[in-house]
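Colleague: This is start-v8.cif (mmCIF, C-alpha atoms).
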data_target
loop_
_atom_site.label_atom_id
_atom_site.label_comp_id
_atom_site.auth_asym_id
_atom_site.auth_seq_id
_atom_site.Cartn_x
_atom_site.Cartn_y
_atom_site.Cartn_z
CA MET A 1 24.12 21.54 -18.70
CA THR A 2 24.46 17.93 -17.59
CA ALA A 3 21.84 15.28 -18.17
CA GLY A 4 21.48 14.83 -14.40
CA THR A 5 20.66 18.48 -13.90
CA ASP A 6 18.15 18.27 -16.74
CA ALA A 7 16.44 15.32 -15.09
CA ALA A 8 16.31 17.05 -11.71
CA ARG A 9 14.87 20.20 -13.27
CA SER A 10 12.22 18.24 -15.15
CA VAL A 11 11.21 16.40 -11.98
CA SER A 12 10.38 19.72 -10.39
CA ALA A 13 8.28 20.64 -13.43
CA GLN A 14 5.90 17.66 -13.10
CA GLY A 15 2.30 18.83 -12.64
CA GLN A 16 3.09 22.32 -13.92
CA TYR A 17 1.62 23.95 -17.00
CA ALA A 18 3.42 22.75 -20.13
CA GLY A 19 5.14 25.35 -22.28
CA SER A 20 5.00 26.17 -25.96
CA VAL A 21 7.98 24.10 -27.18
CA SER A 22 6.82 20.83 -25.62
CA ARG A 23 3.31 21.37 -26.92
CA PHE A 24 4.43 22.31 -30.41
CA LEU A 25 6.78 19.32 -30.65
CA GLY A 26 4.01 17.04 -29.42
CA TYR A 27 1.64 18.41 -32.05
CA ALA A 28 4.28 18.03 -34.78
CA ILE A 29 4.81 14.37 -33.84
CA ASP A 30 1.04 13.82 -33.80
CA LEU A 31 0.63 15.41 -37.21
CA ALA A 32 3.46 13.32 -38.67
CA ALA A 33 2.18 10.10 -37.07
CA SER A 34 -1.47 10.59 -38.01
CA SER A 35 -0.56 11.63 -41.56
CA ALA A 36 1.67 8.59 -41.92
CA VAL A 37 -1.10 6.29 -40.73
CA PHE A 38 -3.54 7.99 -43.11
CA ALA A 39 -1.13 7.63 -46.03
CA LEU A 40 -0.58 3.96 -45.19
CA ALA A 41 -4.33 3.41 -45.04
CA LEU A 42 -4.79 5.06 -48.45
CA ALA A 43 -2.00 2.94 -49.90
CA ALA A 44 -3.59 -0.19 -48.46
CA ILE A 45 -6.97 0.75 -49.91
CA SER A 46 -5.38 1.44 -53.32
CA TYR A 47 -3.62 -1.92 -53.24
CA VAL A 48 -6.77 -3.84 -52.30
CA THR A 49 -8.79 -1.98 -54.96
CA LYS A 50 -6.19 -2.79 -57.60
CA VAL A 51 -6.12 -6.48 -56.62
CA VAL A 52 -9.91 -6.82 -56.51
CA THR A 53 -10.98 -4.64 -59.48
CA GLY A 54 -7.77 -4.46 -61.49
CA HIS A 55 -8.02 -0.66 -61.73
CA GLU A 56 -5.26 1.68 -60.56
CA VAL A 57 -6.49 4.21 -57.99
CA SER A 58 -4.50 7.35 -57.42
CA TRP A 59 -5.11 9.88 -54.68
CA ASN A 60 -4.24 13.52 -55.04
CA LYS A 61 -4.40 16.45 -52.68
CA GLY A 62 -7.16 18.10 -54.67
CA ASN A 63 -9.51 15.19 -54.12
CA ALA A 64 -12.36 16.51 -51.96
CA ILE A 65 -13.24 13.13 -50.59
CA VAL A 66 -9.68 12.52 -49.48
CA ALA A 67 -9.61 15.95 -47.83
CA VAL A 68 -12.87 15.33 -45.96
CA VAL A 69 -11.76 11.86 -44.87
CA PHE A 70 -8.41 13.28 -43.76
CA VAL A 71 -10.12 15.98 -41.65
CA ALA A 72 -12.45 13.37 -40.16
CA TRP A 73 -9.50 11.10 -39.41
CA GLU A 74 -7.57 13.89 -37.72
CA PHE A 75 -10.62 14.81 -35.65
CA ALA A 76 -11.11 11.17 -34.65
CA TYR A 77 -7.42 10.80 -33.80
CA PHE A 78 -7.28 13.80 -31.49
CA ALA A 79 -10.80 13.46 -30.06
CA TYR A 80 -10.37 9.80 -29.16
CA SER A 81 -6.90 10.32 -27.69
CA TRP A 82 -7.93 13.27 -25.51
CA ALA A 83 -11.25 11.73 -24.48
CA ALA A 84 -9.78 8.32 -23.65
CA SER A 85 -6.53 9.20 -21.90
CA GLY A 86 -5.98 12.95 -22.11
CA ARG A 87 -2.92 12.49 -24.33
CA THR A 88 -2.11 11.79 -27.94
CA PHE A 89 0.89 9.80 -29.15
CA GLY A 90 2.97 12.95 -29.57
CA MET A 91 1.98 14.24 -26.15
CA ALA A 92 2.94 10.89 -24.63
CA VAL A 93 6.38 11.15 -26.25
CA LEU A 94 6.89 14.62 -24.82
CA GLY A 95 5.38 13.64 -21.46
CA ILE A 96 2.53 16.14 -21.45
CA ARG A 97 -1.16 15.62 -20.79
CA VAL A 98 -4.51 17.41 -21.14
CA VAL A 99 -6.33 17.87 -17.83
CA MET A 100 -9.29 19.90 -16.63
CA ALA A 101 -8.48 23.49 -15.68
CA ASP A 102 -8.43 22.51 -11.99
CA GLY A 103 -6.05 19.59 -12.61
CA ALA A 104 -8.63 16.77 -12.57
CA PRO A 105 -8.50 14.11 -15.31
CA VAL A 106 -10.12 15.40 -18.49
CA GLU A 107 -13.75 14.44 -19.02
CA PRO A 108 -14.37 12.55 -22.30
CA ARG A 109 -16.87 15.12 -23.58
CA ARG A 110 -14.37 17.91 -22.83
CA GLY A 111 -11.78 15.98 -24.82
CA VAL A 112 -14.14 15.78 -27.79
CA LEU A 113 -15.04 19.47 -27.43
CA ARG A 114 -11.34 20.36 -27.38
CA ALA A 115 -10.85 18.47 -30.64
CA LEU A 116 -13.88 20.24 -32.16
CA VAL A 117 -12.67 23.77 -31.33
CA PHE A 118 -8.98 23.02 -31.92
CA PRO A 119 -9.15 24.30 -35.56
CA LEU A 120 -10.35 27.69 -34.28
CA SER A 121 -6.87 28.40 -32.97
CA PHE A 122 -5.56 27.89 -36.52
CA LEU A 123 -8.34 29.74 -38.30
CA LEU A 124 -7.64 33.02 -36.45
CA CYS A 125 -4.18 33.26 -38.06
CA GLY A 126 -2.78 31.17 -35.27
CA LEU A 127 -3.68 33.79 -32.68
CA GLY A 128 -5.43 31.15 -30.65
CA PHE A 129 -2.05 29.69 -29.75
CA VAL A 130 -0.68 32.99 -28.43
CA GLY A 131 -2.45 32.19 -25.19
CA ILE A 132 0.21 29.54 -24.51
CA LEU A 133 2.75 32.38 -24.29
CA VAL A 134 0.77 35.21 -22.72
CA GLN A 135 -2.03 33.59 -20.74
CA ARG A 136 -1.19 33.10 -17.06
CA GLU A 137 -2.10 29.41 -17.17
CA ARG A 138 -0.58 28.87 -20.63
CA ARG A 139 -3.98 27.98 -22.06
CA ALA A 140 -4.65 28.34 -25.78
CA LEU A 141 -8.03 29.41 -27.19
CA HIS A 142 -9.26 25.82 -27.51
CA ASP A 143 -8.20 25.19 -23.90
CA LEU A 144 -10.19 28.20 -22.66
CA ILE A 145 -13.29 27.09 -24.59
CA ALA A 146 -13.05 23.43 -23.50
CA GLY A 147 -12.06 24.27 -19.91
CA THR A 148 -8.81 22.33 -20.14
CA ALA A 149 -5.08 22.87 -19.60
CA VAL A 150 -1.91 21.01 -20.58
CA ILE A 151 0.62 19.92 -17.95
CA TYR A 152 3.89 18.04 -17.71
CA ALA A 153 3.00 14.48 -16.66
CA TRP A 154 5.89 12.26 -17.61
CA ASP A 155 7.32 9.67 -15.28
CA ALA A 156 9.54 12.06 -13.43
CA ARG A 157 10.03 9.66 -10.50
CA ALA A 158 11.76 7.06 -12.67
CA ALA A 159 13.89 9.82 -14.17
CA ARG A 160 14.88 10.89 -10.67
CA LEU A 161 15.87 7.35 -9.74
CA ARG A 162 17.99 7.14 -12.87
CA PHE A 163 19.45 10.52 -12.03
CA LEU A 164 20.37 9.34 -8.51
CA ALA A 165 21.80 6.10 -9.88
CA ARG A 166 24.32 7.87 -12.08
CA MET B 167 10.85 -48.90 112.67
CA VAL B 168 10.72 -45.18 112.00
CA ASP B 169 7.42 -43.40 112.51
CA ASP B 170 6.21 -41.59 109.37
CA PRO B 171 4.40 -38.36 110.24
CA ARG B 172 2.10 -38.84 107.17
CA GLY B 173 0.79 -42.18 108.57
CA PRO B 174 1.26 -45.83 107.51
CA GLY B 175 -1.35 -45.76 104.66
CA VAL B 176 0.43 -43.05 102.74
CA THR B 177 3.73 -44.92 102.91
CA ILE B 178 2.15 -48.00 101.29
CA LEU B 179 0.61 -45.93 98.52
CA ASP B 180 4.11 -44.75 97.54
CA HIS B 181 4.83 -48.31 96.34
CA VAL B 182 1.39 -49.54 95.20
CA ASP B 183 -0.93 -47.93 92.59
CA PRO B 184 -4.43 -49.01 93.50
CA LEU B 185 -5.76 -47.84 90.07
CA GLU B 186 -3.27 -49.88 88.09
CA ARG B 187 -5.57 -52.82 87.87
CA LEU B 188 -8.40 -50.67 86.69
CA ARG B 189 -6.21 -49.12 83.97
CA SER B 190 -5.04 -52.53 82.86
CA ALA B 191 -8.61 -53.72 82.59
CA GLY B 192 -9.53 -50.57 80.68
CA ARG B 193 -6.69 -51.12 78.16
CA ARG B 194 -7.78 -54.64 77.60
CA MET B 195 -11.26 -53.38 76.87
CA THR B 196 -10.42 -50.26 74.71
CA ASP B 197 -7.80 -51.76 72.34
CA PRO B 198 -10.16 -54.32 70.74
CA LEU B 199 -12.95 -51.75 70.71
CA GLU B 200 -10.72 -49.25 68.88
CA THR B 201 -9.75 -51.85 66.27
CA LEU B 202 -13.41 -52.75 65.88
CA ALA B 203 -14.43 -49.12 65.48
CA GLN B 204 -11.71 -48.56 62.88
CA GLY B 205 -12.89 -51.55 60.90
CA VAL B 206 -16.49 -50.41 61.08
CA ALA B 207 -15.52 -46.90 59.93
CA GLU B 208 -13.56 -48.22 56.95
CA ARG B 209 -16.44 -50.47 56.00
CA VAL B 210 -18.91 -47.63 56.23
CA LEU B 211 -16.69 -45.36 54.12
CA ASP B 212 -16.39 -48.09 51.49
CA LEU B 213 -20.14 -48.44 51.38
CA ILE B 214 -20.61 -44.64 51.09
CA VAL B 215 -18.01 -44.26 48.33
CA ASN B 216 -19.47 -47.19 46.41
CA ALA B 217 -22.93 -45.72 46.72
CA LEU B 218 -21.75 -42.24 45.65
CA ASP B 219 -22.19 -41.19 41.96
CA VAL B 220 -19.06 -39.07 41.44
CA ASN B 221 -20.13 -37.91 37.99
CA ALA B 222 -23.42 -36.60 39.35
CA LEU B 223 -21.54 -34.89 42.11
CA VAL B 224 -19.15 -33.18 39.67
CA GLN B 225 -22.07 -32.06 37.54
CA ARG B 226 -23.51 -30.25 40.51
CA VAL B 227 -20.30 -28.29 40.95
CA ASP B 228 -20.33 -24.86 39.25
CA VAL B 229 -16.80 -24.90 37.84
CA ASN B 230 -17.09 -21.37 36.40
CA ALA B 231 -18.04 -19.96 39.77
CA LEU B 232 -15.20 -21.90 41.29
CA VAL B 233 -12.69 -20.56 38.78
CA GLY B 234 -14.17 -17.08 39.18
CA ARG B 235 -13.19 -17.14 42.83
CA VAL B 236 -9.58 -17.84 41.95
CA ASP B 237 -7.40 -14.72 41.75
CA VAL B 238 -5.23 -15.70 38.78
CA ASN B 239 -3.05 -12.60 39.09
CA THR B 240 -2.15 -13.44 42.65
CA LEU B 241 -1.53 -17.00 41.58
CA MET B 242 0.73 -15.89 38.75
CA ARG B 243 2.72 -13.62 41.05
CA HIS B 244 3.71 -16.71 42.97
CA VAL B 245 4.84 -18.50 39.82
CA ASP B 246 8.44 -18.06 38.72
CA VAL B 247 7.86 -18.13 34.96
CA ASN B 248 11.57 -17.99 34.15
CA ALA B 249 12.27 -21.01 36.31
CA LEU B 250 9.33 -22.73 34.64
CA LEU B 251 10.65 -21.91 31.18
CA ASP B 252 14.10 -23.18 32.13
CA HIS B 253 12.54 -26.60 32.42
CA VAL B 254 11.01 -26.38 28.94
CA ASP B 255 13.01 -27.80 26.06
CA VAL B 256 11.94 -25.37 23.35
CA SER B 257 13.79 -27.24 20.61
CA ALA B 258 12.00 -30.46 21.49
CA LEU B 259 8.70 -28.53 21.63
CA LEU B 260 9.25 -27.01 18.20
CA GLY B 261 10.31 -30.40 16.90
CA ARG B 262 6.90 -31.72 17.85
CA ALA B 263 5.05 -28.81 16.21
CA ASP B 264 3.82 -29.25 12.65
CA VAL B 265 4.67 -25.80 11.31
CA ASN B 266 3.18 -26.51 7.88
CA ALA B 267 -0.15 -27.46 9.44
CA LEU B 268 0.04 -24.33 11.55
CA LEU B 269 0.70 -22.13 8.52
CA ASP B 270 -2.16 -23.79 6.64
CA ARG B 271 -4.48 -22.47 9.35
CA VAL B 272 -3.22 -18.90 8.96
CA ASP B 273 -5.35 -16.70 6.68
CA VAL B 274 -2.55 -14.79 4.98
CA GLY B 275 -5.01 -12.70 2.97
CA ALA B 276 -6.76 -11.46 6.11
CA LEU B 277 -3.37 -10.82 7.70
CA LEU B 278 -2.17 -8.75 4.75
CA SER B 279 -5.45 -6.84 4.55
CA ARG B 280 -4.74 -5.55 8.06
CA ILE B 281 -1.39 -4.13 6.92
CA ASP B 282 -1.37 -0.62 5.44
CA VAL B 283 1.19 -1.23 2.72
CA ASN B 284 1.04 2.37 1.49
CA ASP B 285 1.86 3.62 4.96
CA LEU B 286 4.68 1.08 5.15
CA VAL B 287 6.15 2.13 1.81
CA GLY B 288 5.63 5.80 2.69
CA ARG B 289 8.04 5.37 5.59
CA VAL B 290 10.80 4.22 3.27
CA ASP B 291 13.25 6.95 2.29
CA LEU B 292 13.70 5.91 -1.33
CA ASP B 293 16.37 8.48 -2.09
CA THR B 294 18.55 7.29 0.79
CA LEU B 295 17.88 3.68 -0.16
CA VAL B 296 18.96 4.26 -3.73
CA GLU B 297 22.04 6.23 -2.69
CA GLN B 298 23.21 3.66 -0.15
CA THR B 299 22.59 0.51 -2.17
CA ASP B 300 23.05 -0.80 -5.67
CA LEU B 301 19.30 -0.55 -6.20
CA GLY B 302 19.84 2.55 -8.29
CA ALA B 303 22.18 0.70 -10.62
CA ILE B 304 19.64 -2.10 -10.94
CA ILE B 305 16.88 0.37 -11.77
CA ALA B 306 19.15 2.15 -14.20
CA LYS B 307 19.97 -1.14 -15.91
CA SER B 308 16.35 -2.33 -16.02
CA SER B 309 14.64 0.87 -17.11
CA GLY B 310 17.39 3.16 -18.26
CA GLY B 311 18.00 1.89 -21.75
CA ALA B 312 19.46 4.08 -24.43
CA ALA B 313 15.99 4.91 -25.78
CA THR B 314 14.70 5.89 -22.34
CA GLU B 315 17.71 8.07 -21.68
CA ALA B 316 17.32 9.73 -25.06
CA LEU B 317 13.63 10.34 -24.35
CA ASP B 318 14.43 11.79 -20.92
CA ALA B 319 17.06 14.03 -22.46
CA ALA B 320 14.68 15.23 -25.20
CA ARG B 321 11.93 15.93 -22.70
CA SER B 322 14.33 17.73 -20.40
CA GLN B 323 15.58 19.89 -23.28
CA ALA B 324 11.98 20.70 -24.22
CA VAL B 325 11.20 21.67 -20.64
CA GLY B 326 14.31 23.85 -20.58
CA LEU B 327 13.26 25.64 -23.77
CA ASP B 328 9.72 26.04 -22.43
CA GLN B 329 11.05 27.78 -19.34
CA PHE B 330 13.45 29.91 -21.34
CA ILE B 331 10.67 31.18 -23.62
CA ASP B 332 8.32 31.64 -20.69
CA ARG B 333 10.85 33.81 -18.83
CA TRP B 334 11.23 36.09 -21.85
CA ALA B 335 7.46 36.25 -22.33
CA GLN B 336 7.00 37.24 -18.70
CA ARG B 337 9.64 39.96 -19.04
CA ALA B 338 8.04 41.28 -22.23
CA LEU B 339 4.63 41.39 -20.55
CA ARG B 340 6.20 43.05 -17.45
CA ARG B 341 4.16 40.99 -15.09
CA LYS B 342 4.75 41.78 -11.44
CA ARG B 343 2.93 38.82 -9.94
CA PRO B 344 4.28 35.39 -10.94
CA ALA B 345 1.88 33.19 -12.87
CA PRO B 346 0.61 29.99 -11.16
CA ALA B 347 2.95 27.07 -11.82
CA GLY B 348 0.17 24.54 -12.35
CA PRO B 349 -3.42 23.55 -11.55
CA PRO B 350 -4.10 23.89 -7.80
CA ALA B 351 -5.17 20.26 -7.34
CA LEU B 352 -1.95 18.91 -8.85
CA LEU B 353 0.34 21.30 -7.00
CA ASN B 354 -1.38 20.48 -3.69
CA GLY B 355 -1.04 16.77 -4.51
CA GLN B 356 2.69 17.25 -5.08
CA ALA B 357 3.03 19.06 -1.77
CA GLU B 358 1.34 16.18 0.03
CA SER B 359 3.44 13.48 -1.63
#
Spell out the structure here as structure tokens.
Modeller:
Amino acid sequence: MTAGTDAARSVSAQGQYAGSVSRFLGYAIDLAASSAVFALALAAISYVTKVVTGHEVSWNKGNAIVAVVFVAWEFAYFAYSWAASGRTFGMAVLGIRVVMADGAPVEPRRGVLRALVFPLSFLLCGLGFVGILVQRERRALHDLIAGTAVIYAWDARAARLRFLAR
Amino acid sequence: MVDDPRGPGVTILDHVDPLERLRSAGRRMTDPLETLAQGVAERVLDLIVNALDVNALVQRVDVNALVGRVDVNTLMRHVDVNALLDHVDVSALLGRADVNALLDRVDVGALLSRIDVNDLVGRVDLDTLVEQTDLGAIIAKSSGGAATEALDAARSQAVGLDQFIDRWAQRALRRKRPAPAGPPALLNGQAES
């Protein structure tokens, strides 16, 4: 399949419910990015602590405080991104966006609620995500609870212009 | 001597006008009188004009009522505008106009606010424009860097895989009615645009 055909197909998909691959890839990028930022922050804190106090500080996965802070950081990352703009960094890369079920821009409190109930989809052995495949509107469990949906929202018009310019 | 049947008096009157003397006397009398009357009339007119306050007279004239009685359309029908314009040296007229001063008096903001730019742009067929000009190449050069193209390609591949998986899921679920493509508000918005 040519790149031009790909661009034309994706243009027609703008505003439609996003599928499982785009959403999974977006989440994977988010997880990698947020974890990297968290690791950098821990390294920075360790370095500052060593410079100020002279003591070496090491973090391990079994540290409860680190785990709690990591969960809080992840919640803040997703909640702020969805509440502020309806998209996280990974979603922006994949060109997808969280909207209200009727297509309106997501309300901030719905964005926060989505981040709160997001772990539920994991806790039920990942069954919460099956909705993306079988639900008519491709809504996962956390989408159904928060009253949201995920759509393709990337700049398809610019892609079309590039496609025509080839 | 031949006898005239009309009588001797009538024959004399053929050669002599008895009223000629009276007329001559009358002319001598009327010519100076006419000159005198003309002089008197001129003098009187001078006195009247000098005594007349023209400004006060003009103030008493209702110019609006006067103009209101003029049928401008009828007047204009009698005017050959083309012939009039032939006499006008437009170049000389424009040479006398201070265009900068004129433009300074134009409120460009108010002018632009009266223009519906969205409607104007909406009339432009962008696809045709891009196909017929080098605008597409310019856009491709300005926004179509390697990173953007790679991102577009990755997104397009993801969309393709999404649709592939969705088709198989729909077959496995044996759905007869197709699922909605997207939220109603967004799909309606696309239809309008």
Colleague: Quick one: everything within 12 Å of Ala84 in chain A, counting all atoms listed in the file, minus sequence neighbours fewer than 2 positions away in the same chain. Send it as a short mmCIF file (atom, residue, chain, number, x, y, z; two decimals) with C-alpha atoms, in the coordinates of the input.
Modeller:
data_model
loop_
_atom_site.label_atom_id
_atom_site.label_comp_id
_atom_site.auth_asym_id
_atom_site.auth_seq_id
_atom_site.Cartn_x
_atom_site.Cartn_y
_atom_site.Cartn_z
CA ALA A 76 -11.11 11.17 -34.65
CA TYR A 77 -7.42 10.80 -33.80
CA PHE A 78 -7.28 13.80 -31.49
CA ALA A 79 -10.80 13.46 -30.06
CA TYR A 80 -10.37 9.80 -29.16
CA SER A 81 -6.90 10.32 -27.69
CA TRP A 82 -7.93 13.27 -25.51
CA GLY A 86 -5.98 12.95 -22.11
CA ARG A 87 -2.92 12.49 -24.33
CA THR A 88 -2.11 11.79 -27.94
CA ARG A 97 -1.16 15.62 -20.79
CA VAL A 98 -4.51 17.41 -21.14
CA VAL A 99 -6.33 17.87 -17.83
CA PRO A 105 -8.50 14.11 -15.31
CA VAL A 106 -10.12 15.40 -18.49
CA GLU A 107 -13.75 14.44 -19.02
CA PRO A 108 -14.37 12.55 -22.30
CA ARG A 109 -16.87 15.12 -23.58
CA ARG A 110 -14.37 17.91 -22.83
CA GLY A 111 -11.78 15.98 -24.82
CA VAL A 112 -14.14 15.78 -27.79
#
Colleague: Give me the result of the PyMOL selection byres ((chain A and resi 24-34) around 9) on this file, residue by residue, as a PyMOL selection string.
Modeller: (chain A and resi 19-23+35-39+73-74+77-78+88-96) or (chain B and resi 324)
Colleague: Which residue is closest to chain A? Choose from B:Ala217, B:Ser257, B:Arg337, B:Arg321 and count all atoms listed in the file.
Modeller: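 Result for the nearest residue to chain A: B:Arg321.
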Colleague: List the neighbours of Ser46 in chain A out to 9 Å using all atoms listed in the file; skip same-chain residues closer than 3 positions along the sequence, and give me the result as a ChimeraX atom specification.
Modeller: /A:41-43,49-51,56-59
Colleague: Could you dump the residues just selected with C-alpha atoms as a PDB file, in the frame of the given file?
Modeller:
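This is the output file result-v5.pdb:
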ATOM      1  CA  ALA A  41      -4.330   3.410 -45.040  1.00  0.00           C
ATOM      2  CA  LEU A  42      -4.790   5.060 -48.450  1.00  0.00           C
ATOM      3  CA  ALA A  43      -2.000   2.940 -49.900  1.00  0.00           C
ATOM      4  CA  THR A  49      -8.790  -1.980 -54.960  1.00  0.00           C
ATOM      5  CA  LYS A  50      -6.190  -2.790 -57.600  1.00  0.00           C
ATOM      6  CA  VAL A  51      -6.120  -6.480 -56.620  1.00  0.00           C
ATOM      7  CA  GLU A  56      -5.260   1.680 -60.560  1.00  0.00           C
ATOM      8  CA  VAL A  57      -6.490   4.210 -57.990  1.00  0.00           C
ATOM      9  CA  SER A  58      -4.500   7.350 -57.420  1.00  0.00           C
ATOM     10  CA  TRP A  59      -5.110   9.880 -54.680  1.00  0.00           C
TER      11      TRP A  59
END
Colleague: In Å, rounded to a single decimal, give me how far CA of Tyr152 in chain A is from CA of Ala320 in chain B.
Modeller: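 Between CA of Ala320 in chain B and CA of Tyr152 in chain A the gap works out to 13.4 Å.
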